[in-house]
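Asker: Please find one structure pasted underneath; my questions will follow.
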Number of protein chains: 2
Amino acid sequence: MESKDQRRRSDRARTAILTAATEAVAELGYAKTSIEGIAARAGVGKQTIYRWWPSKGAVVLEALTADQQDVEWPDTGDLTADLHLVLRATVDEFADGGTSATLRALMIDMQQDEALSEQVLTRVLGPQLAATKRRLESARRAGQVADGIDLDVAVEIIFGPIYHRWILRTHPFDQAYADTLTTLAVRALGAP
Amino acid sequence: MESKDQRRRSDRARTAILTAATEAVAELGYAKTSIEGIAARAGVGKQTIYRWWPSKGAVVLEALTADQQDVEWPDTGDLTADLHLVLRATVDEFADGGTSATLRALMIDMQQDEALSEQVLTRVLGPQLAATKRRLESARRAGQVADGIDLDVAVEIIFGPIYHRWILRTHPFDQAYADTLTTLAVRALGAP
DNA sequence: ACTTCAACGAGACGGACCGTATCGTCTCGC
DNA sequence: GCGAGACGATACGGTCCGTCTCGTTGAAGT
C-alpha cells in the first residue's frame, strides 16, 4: 500500500484546502477555479491536494458536504402543507449564491466524471430524493396519494421542475413559483 | 469593420469544421474535445475557427442546430394521446447517444457562458418549450386543462422530470417512463 | 484576363494548468 | 530520539488556449 495513513494527515492543510476551494468557486466560478489556484490560496503544495483527492470535483464536493445538514421532511399529516414548506425552503436554498454555485458546478462535472457522479448522487442528491420518497409513502398510507402511482416518478414531478428552472433560468425562481408548483404537484398525486 | 465578409467565407471549411466538431464530441466527449483537435480533424487552421466562432460551445451549438428539425406538436384534440406521443419521441431522442451527448455538453457550458446560454435557450430549448405551451393553450380551450393553471409551470411539470432523470440518471430512461410520466402530468393538468 | 485583397492552411508563440516527480524540512508515532 | 511519511515548494513535460504572423488561394470587381 502507499500513502494513505490518515493519522498523519495534517488537519490544518485539509481545512485550508476546503476553505480555499469554497472561496475560489464562489469568487471565480467553478470553471476558472484550478487545483493550482486552490493550492496557492490555501498556502499549500499542490501535491498535498493530489495526495488526498483525485480531482477538482472531489475537493469541491467535500467542501460542499462538510458544512451542510440534511434537509429533513416534516410529516404533519398534511402533505400539501409539508410539500409547500419544503419547496419554499428548497427555492431559498437554491437561490442562494454560495451553495447554488457549488452544486451547479458539481452537476457539471458529473457529466464527465463517472466516479464523481456516483459520489454526488449518493452523498447529496440521493438522500434528498429518498427522504422525499419516504414522505410520499407516508402520504399514500394516509390516502393523500393515489394508489398505483410510481413514487420515483412522483419525486421527479416535484423536483424535476425545480431543477429545470434552476438550471435553465427560463423564468423567475422565487417563492411564488414554489407556491404554484406545490398546487400542481398535489393535483398530480392526489386521490380524486 | 474588420473581417466579416460572409461572401468570401469558405463553405468547404465551414462544413468540415461542423462535421469534425460533431464527430469529435461523439467520439471523445465534450470535455476532451478541443478547438485544436477540431481544426486538425477538419484539416483547417485553428484561426479559421476563431475567425467565425467565439468559443467551442458556439461551434458545437451550430453543429447541433445545423441538422435538426423542430419537434412539432400534434394536435388531435386529445391531449393525453398527443402528450404520450411527444414524450415517447422525446425519450427516444434523448436516449440516443449522438444528439444527447451534444446537448448535454451545451447545457454544461451554458452554466459558465452567458452568451452561449442565451443562444441555446433561444435556438434549441425555447422553441420546444414554446410549442408545448401553445399545445397546452389549445388544450385549455378544449377544456382539457383546468383554468387558472400557470402554463409555464405546466410545461415544467412535463419536461422537468425528463431533464431531471436524463441528467442525473437516477432511474431507467425508457418508454415505460414516458408512459408513467404522461399519466401523472395529465392528472396534474386535467380539469376534474 | 487581370488585379486585388480577405480568407485560407500552417504553425510559432507566450501563457495557464495539468498531473507527476523530487527536493529538503517538519512532525507525529513509536 | 529515530524513522517514516506528510508537508511546502518547485521543476518538469504535456496539452490546449487565444493571438499573431507567414505564404498561398480563390472569388469579386474592373
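Here, A, B, ... name the chains of the C-alpha cells in the order displayed, residue numbers run from 1 inside each chain, and ligands are numbered from 1 in the same displayed order.
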As an NGL selection string, please: the residues near stretch 9-25 of chain C (cut-off 12 Å, only C-alpha atoms (C1' of nucleotides), same-chain neighbours under 3 positions excluded).

Answerer: (:A and (32-38 or 46-47 or 49-51 or 54-56)) or (:B and (13 or 36 or 39-40 or 42-49)) or (:D and (6-25))

Asker: Using only C-alpha atoms (C1' of nucleotides), which residues sit within 9 Å of B:Leu189 once same-chain residues fewer than 6 positions away are excluded, as number ranges by chain?

Answerer: A: 184, 187-188; B: 144-146, 149, 154

Asker: Keeping only N, CA and C atoms, write the selected residues to a file as a PDB file, in the first residue's frame.

Answerer:
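That gives us part25.pdb:
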ATOM      1  N   LEU A 184     -49.765  22.305  -8.270  1.00  0.00           N
ATOM      2  CA  LEU A 184     -49.806  21.385  -9.408  1.00  0.00           C
ATOM      3  C   LEU A 184     -49.353  19.983  -9.030  1.00  0.00           C
ATOM      4  N   ARG A 187     -52.019  18.173  -7.192  1.00  0.00           N
ATOM      5  CA  ARG A 187     -53.058  17.744  -8.142  1.00  0.00           C
ATOM      6  C   ARG A 187     -52.656  16.453  -8.830  1.00  0.00           C
ATOM      7  N   ALA A 188     -51.358  16.357  -9.180  1.00  0.00           N
ATOM      8  CA  ALA A 188     -50.891  15.172  -9.893  1.00  0.00           C
ATOM      9  C   ALA A 188     -50.955  13.923  -9.020  1.00  0.00           C
TER      10      ALA A 188
ATOM     11  N   GLN B 144     -59.512  20.643 -21.540  1.00  0.00           N
ATOM     12  CA  GLN B 144     -58.720  19.503 -21.047  1.00  0.00           C
ATOM     13  C   GLN B 144     -57.651  19.937 -20.042  1.00  0.00           C
ATOM     14  N   VAL B 145     -57.513  21.248 -19.889  1.00  0.00           N
ATOM     15  CA  VAL B 145     -56.607  21.774 -18.874  1.00  0.00           C
ATOM     16  C   VAL B 145     -57.399  22.757 -18.018  1.00  0.00           C
ATOM     17  N   ALA B 146     -57.294  22.571 -16.709  1.00  0.00           N
ATOM     18  CA  ALA B 146     -58.079  23.400 -15.803  1.00  0.00           C
ATOM     19  C   ALA B 146     -57.708  24.873 -15.944  1.00  0.00           C
ATOM     20  N   ILE B 149     -54.429  27.435 -14.260  1.00  0.00           N
ATOM     21  CA  ILE B 149     -53.117  26.791 -14.165  1.00  0.00           C
ATOM     22  C   ILE B 149     -52.087  27.627 -14.908  1.00  0.00           C
ATOM     23  N   ALA B 154     -46.747  24.441 -15.975  1.00  0.00           N
ATOM     24  CA  ALA B 154     -47.277  23.203 -16.553  1.00  0.00           C
ATOM     25  C   ALA B 154     -46.258  22.578 -17.506  1.00  0.00           C
TER      26      ALA B 154
END

Asker: For chain B, work out the contacting residues on chain A at 9 Å, counting only C-alpha atoms, and write them as number ranges by chain.

Answerer: A: 29-31, 104-105, 107-112, 117, 121, 126, 149-150, 152-165, 167-168, 170-171, 177, 180-181, 183-190, 192

Asker: Just write the chosen residues, N, CA and C atoms, as a CSV table (one decimal), in the first residue's frame.

Answerer:
chain,number,residue,atom,x,y,z
A,29,GLY,N,-16.0,31.2,-9.9
A,29,GLY,CA,-16.8,30.3,-10.6
A,29,GLY,C,-16.0,29.0,-10.8
A,30,TYR,N,-16.7,27.9,-11.0
A,30,TYR,CA,-16.1,26.6,-11.0
A,30,TYR,C,-15.1,26.4,-12.1
A,31,ALA,N,-15.4,26.8,-13.3
A,31,ALA,CA,-14.6,26.6,-14.5
A,31,ALA,C,-13.2,27.3,-14.3
A,104,ARG,N,-24.2,23.6,-8.6
A,104,ARG,CA,-24.3,23.7,-10.1
A,104,ARG,C,-23.0,23.2,-10.7
A,105,ALA,N,-21.9,23.6,-10.1
A,105,ALA,CA,-20.6,23.2,-10.6
A,105,ALA,C,-20.4,21.6,-10.6
A,107,MET,N,-22.7,19.4,-10.7
A,107,MET,CA,-23.6,18.8,-11.7
A,107,MET,C,-23.0,18.9,-13.0
A,108,ILE,N,-22.2,19.9,-13.2
A,108,ILE,CA,-21.4,20.0,-14.5
A,108,ILE,C,-20.4,18.9,-14.6
A,109,ASP,N,-19.6,18.7,-13.6
A,109,ASP,CA,-18.5,17.7,-13.6
A,109,ASP,C,-19.1,16.3,-13.6
A,110,MET,N,-20.2,16.1,-13.0
A,110,MET,CA,-20.9,14.8,-13.0
A,110,MET,C,-21.0,14.2,-14.4
A,111,GLN,N,-21.2,15.2,-15.4
A,111,GLN,CA,-21.4,14.7,-16.8
A,111,GLN,C,-20.2,14.1,-17.4
A,112,GLN,N,-19.0,14.4,-16.8
A,112,GLN,CA,-17.8,13.9,-17.5
A,112,GLN,C,-17.0,13.1,-16.5
A,117,SER,N,-19.8,11.5,-10.3
A,117,SER,CA,-21.3,11.4,-10.5
A,117,SER,C,-21.9,10.5,-9.4
A,121,LEU,N,-24.4,11.8,-6.3
A,121,LEU,CA,-25.7,11.2,-6.3
A,121,LEU,C,-25.9,10.5,-4.9
A,126,GLY,N,-29.1,11.9,-3.6
A,126,GLY,CA,-29.8,10.7,-3.3
A,126,GLY,C,-30.6,10.8,-2.0
A,149,ILE,N,-49.5,5.0,-8.1
A,149,ILE,CA,-48.6,6.0,-8.6
A,149,ILE,C,-47.2,5.5,-8.3
A,150,ASP,N,-46.3,5.6,-9.4
A,150,ASP,CA,-44.9,5.3,-9.2
A,150,ASP,C,-44.2,6.4,-8.4
A,152,ASP,N,-41.2,7.0,-7.6
A,152,ASP,CA,-39.9,7.6,-8.1
A,152,ASP,C,-40.3,8.7,-9.1
A,153,VAL,N,-41.3,8.4,-9.9
A,153,VAL,CA,-41.7,9.5,-10.9
A,153,VAL,C,-42.4,10.6,-10.1
A,154,ALA,N,-43.1,10.3,-9.1
A,154,ALA,CA,-43.7,11.3,-8.3
A,154,ALA,C,-42.7,12.3,-7.7
A,155,VAL,N,-41.6,11.7,-7.2
A,155,VAL,CA,-40.5,12.6,-6.7
A,155,VAL,C,-40.0,13.5,-7.8
A,156,GLU,N,-39.9,13.0,-9.0
A,156,GLU,CA,-39.4,13.8,-10.1
A,156,GLU,C,-40.4,14.9,-10.6
A,157,ILE,N,-41.7,14.6,-10.4
A,157,ILE,CA,-42.7,15.6,-10.7
A,157,ILE,C,-42.5,16.8,-9.8
A,158,ILE,N,-42.0,16.5,-8.6
A,158,ILE,CA,-41.8,17.6,-7.6
A,158,ILE,C,-40.5,18.3,-7.9
A,159,PHE,N,-39.4,17.6,-8.0
A,159,PHE,CA,-38.1,18.3,-8.1
A,159,PHE,C,-37.6,18.5,-9.5
A,160,GLY,N,-38.2,17.8,-10.4
A,160,GLY,CA,-37.8,18.0,-11.8
A,160,GLY,C,-38.0,19.4,-12.3
A,161,PRO,N,-39.2,20.0,-12.0
A,161,PRO,CA,-39.5,21.4,-12.4
A,161,PRO,C,-38.5,22.3,-11.7
A,162,ILE,N,-38.2,22.1,-10.4
A,162,ILE,CA,-37.3,22.9,-9.7
A,162,ILE,C,-35.9,23.0,-10.4
A,163,TYR,N,-35.4,21.8,-10.6
A,163,TYR,CA,-34.1,21.7,-11.3
A,163,TYR,C,-34.1,22.4,-12.7
A,164,HIS,N,-35.2,22.1,-13.4
A,164,HIS,CA,-35.4,22.6,-14.7
A,164,HIS,C,-35.2,24.1,-14.7
A,165,ARG,N,-36.0,24.8,-13.9
A,165,ARG,CA,-36.0,26.2,-13.9
A,165,ARG,C,-34.7,26.8,-13.3
A,167,ILE,N,-31.7,25.4,-13.4
A,167,ILE,CA,-30.5,25.2,-14.3
A,167,ILE,C,-30.7,26.1,-15.6
A,168,LEU,N,-31.9,26.1,-16.1
A,168,LEU,CA,-32.1,26.8,-17.4
A,168,LEU,C,-32.5,28.3,-17.2
A,170,THR,N,-35.2,29.9,-17.0
A,170,THR,CA,-36.2,30.3,-18.0
A,170,THR,C,-37.2,31.3,-17.5
A,171,HIS,N,-37.5,31.2,-16.1
A,171,HIS,CA,-38.5,32.1,-15.5
A,171,HIS,C,-38.0,32.4,-14.1
A,177,TYR,N,-43.2,30.8,-7.3
A,177,TYR,CA,-43.0,29.6,-8.0
A,177,TYR,C,-43.2,28.3,-7.2
A,180,THR,N,-47.0,27.8,-6.7
A,180,THR,CA,-47.7,27.3,-7.9
A,180,THR,C,-47.3,25.8,-8.1
A,181,LEU,N,-46.1,25.5,-7.9
A,181,LEU,CA,-45.6,24.2,-8.2
A,181,LEU,C,-46.2,23.2,-7.1
A,183,THR,N,-49.1,23.4,-5.7
A,183,THR,CA,-50.5,23.1,-6.1
A,183,THR,C,-50.6,22.1,-7.2
A,184,LEU,N,-49.8,22.3,-8.3
A,184,LEU,CA,-49.8,21.4,-9.4
A,184,LEU,C,-49.4,20.0,-9.0
A,185,ALA,N,-48.3,19.9,-8.2
A,185,ALA,CA,-47.8,18.6,-7.8
A,185,ALA,C,-48.8,17.8,-7.0
A,186,VAL,N,-49.5,18.5,-6.1
A,186,VAL,CA,-50.5,17.8,-5.3
A,186,VAL,C,-51.7,17.4,-6.2
A,187,ARG,N,-52.0,18.2,-7.2
A,187,ARG,CA,-53.1,17.7,-8.1
A,187,ARG,C,-52.7,16.5,-8.8
A,188,ALA,N,-51.4,16.4,-9.2
A,188,ALA,CA,-50.9,15.2,-9.9
A,188,ALA,C,-51.0,13.9,-9.0
A,189,LEU,N,-50.7,14.1,-7.8
A,189,LEU,CA,-50.5,13.0,-6.9
A,189,LEU,C,-51.8,12.6,-6.2
A,190,GLY,N,-52.6,13.5,-5.9
A,190,GLY,CA,-53.7,13.3,-5.0
A,190,GLY,C,-54.8,12.3,-5.5
A,192,PRO,N,-58.5,11.3,-6.1
A,192,PRO,CA,-59.6,12.2,-6.6
A,192,PRO,C,-60.8,12.3,-5.6

Asker: Determine which residues of chain B DSSP labels as helix (DSSP H, G or I) from the backbone of this structure, then write them out as a ChimeraX atom specification.

Answerer: /B:6-8,11-28,35-42,46-52,56-66,79-95,97-110,114-141,151-168,175-189

Asker: If you measure from atom CA of A:Ala130 to atom CA of B:Leu83, what distance in Å do you get, rounded to one decimal?

Answerer: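 Going from atom CA of A:Ala130 over to atom CA of B:Leu83, I get 28.1 Å.
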
Asker: Between atom CA of B:Ser10 and atom C1' of D:DT30, what is the spacing in Å?

Answerer: 23.2 Å

Asker: Please, what distance in Å, to one decimal, runs between atom CA of B:Glu114 and atom CA of A:Gln119?

Answerer: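 Atom CA of A:Gln119 lies 28.2 Å from atom CA of B:Glu114.
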
Asker: Report as a list in words all protein, DNA and RNA residues lying within 12 Å of D:DA4, evaluated on only C-alpha atoms (C1' of nucleotides), omitting residues in the same chain fewer than 6 positions from it.

Answerer: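 These residues fall inside the cut-off: Ser3, Asp5 and Arg8 of chain A; DT27, DC28, DG29 and DC30 of chain C.
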
Asker: Take the residues that were just selected and, keeping N, CA and C atoms (P, O5', C5', C4', C3', O3' and C1' of nucleotides), output them as a PDB file, in the first residue's frame.

Answerer:
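The resulting part.pdb:
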ATOM      1  N   SER A   3       0.736   5.786   0.329  1.00  0.00           N
ATOM      2  CA  SER A   3       0.473   6.899   1.242  1.00  0.00           C
ATOM      3  C   SER A   3      -0.995   7.124   1.606  1.00  0.00           C
ATOM      4  N   ASP A   5      -2.039   6.973   5.200  1.00  0.00           N
ATOM      5  CA  ASP A   5      -2.131   6.934   6.655  1.00  0.00           C
ATOM      6  C   ASP A   5      -2.858   8.181   7.164  1.00  0.00           C
ATOM      7  N   ARG A   8      -1.558  10.512   9.934  1.00  0.00           N
ATOM      8  CA  ARG A   8      -0.513  11.514   9.739  1.00  0.00           C
ATOM      9  C   ARG A   8      -1.021  12.735   8.983  1.00  0.00           C
TER      10      ARG A   8
ATOM     11  P    DT C  27       6.587  21.628  12.601  1.00  0.00           P
ATOM     12  O5'  DT C  27       5.731  20.349  12.926  1.00  0.00           O
ATOM     13  C5'  DT C  27       5.159  19.622  11.834  1.00  0.00           C
ATOM     14  C4'  DT C  27       4.774  18.219  12.272  1.00  0.00           C
ATOM     15  C3'  DT C  27       4.743  17.969  13.777  1.00  0.00           C
ATOM     16  O3'  DT C  27       3.755  17.009  14.019  1.00  0.00           O
ATOM     17  C1'  DT C  27       6.174  16.447  12.814  1.00  0.00           C
ATOM     18  P    DC C  28       2.639  17.283  15.198  1.00  0.00           P
ATOM     19  O5'  DC C  28       1.848  15.898  15.198  1.00  0.00           O
ATOM     20  C5'  DC C  28       1.604  15.241  13.946  1.00  0.00           C
ATOM     21  C4'  DC C  28       2.038  13.788  14.042  1.00  0.00           C
ATOM     22  C3'  DC C  28       1.734  13.104  15.373  1.00  0.00           C
ATOM     23  O3'  DC C  28       0.983  11.945  15.110  1.00  0.00           O
ATOM     24  C1'  DC C  28       3.962  12.676  14.698  1.00  0.00           C
ATOM     25  P    DG C  29       0.298  11.160  16.330  1.00  0.00           P
ATOM     26  O5'  DG C  29       1.071   9.762  16.312  1.00  0.00           O
ATOM     27  C5'  DG C  29       1.103   8.996  15.111  1.00  0.00           C
ATOM     28  C4'  DG C  29       2.079   7.847  15.252  1.00  0.00           C
ATOM     29  C3'  DG C  29       1.887   6.992  16.507  1.00  0.00           C
ATOM     30  O3'  DG C  29       2.109   5.639  16.156  1.00  0.00           O
ATOM     31  C1'  DG C  29       4.090   7.852  16.479  1.00  0.00           C
ATOM     32  P    DC C  30       1.684   4.504  17.161  1.00  0.00           P
ATOM     33  O5'  DC C  30       3.093   3.879  17.537  1.00  0.00           O
ATOM     34  C5'  DC C  30       3.959   3.416  16.492  1.00  0.00           C
ATOM     35  C4'  DC C  30       5.370   3.324  17.003  1.00  0.00           C
ATOM     36  C3'  DC C  30       5.547   2.469  18.271  1.00  0.00           C
ATOM     37  O3'  DC C  30       6.431   1.399  18.002  1.00  0.00           O
ATOM     38  C1'  DC C  30       6.776   4.507  18.402  1.00  0.00           C
TER      39       DC C  30
END

Asker: For A:Leu136, which of A:Asp82, A:Asp11, A:Ala24, A:Val71 is the closest residue, counting only C-alpha atoms?

Answerer: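 Using only C-alpha atoms, the shortest distance to A:Leu136 belongs to A:Asp82.
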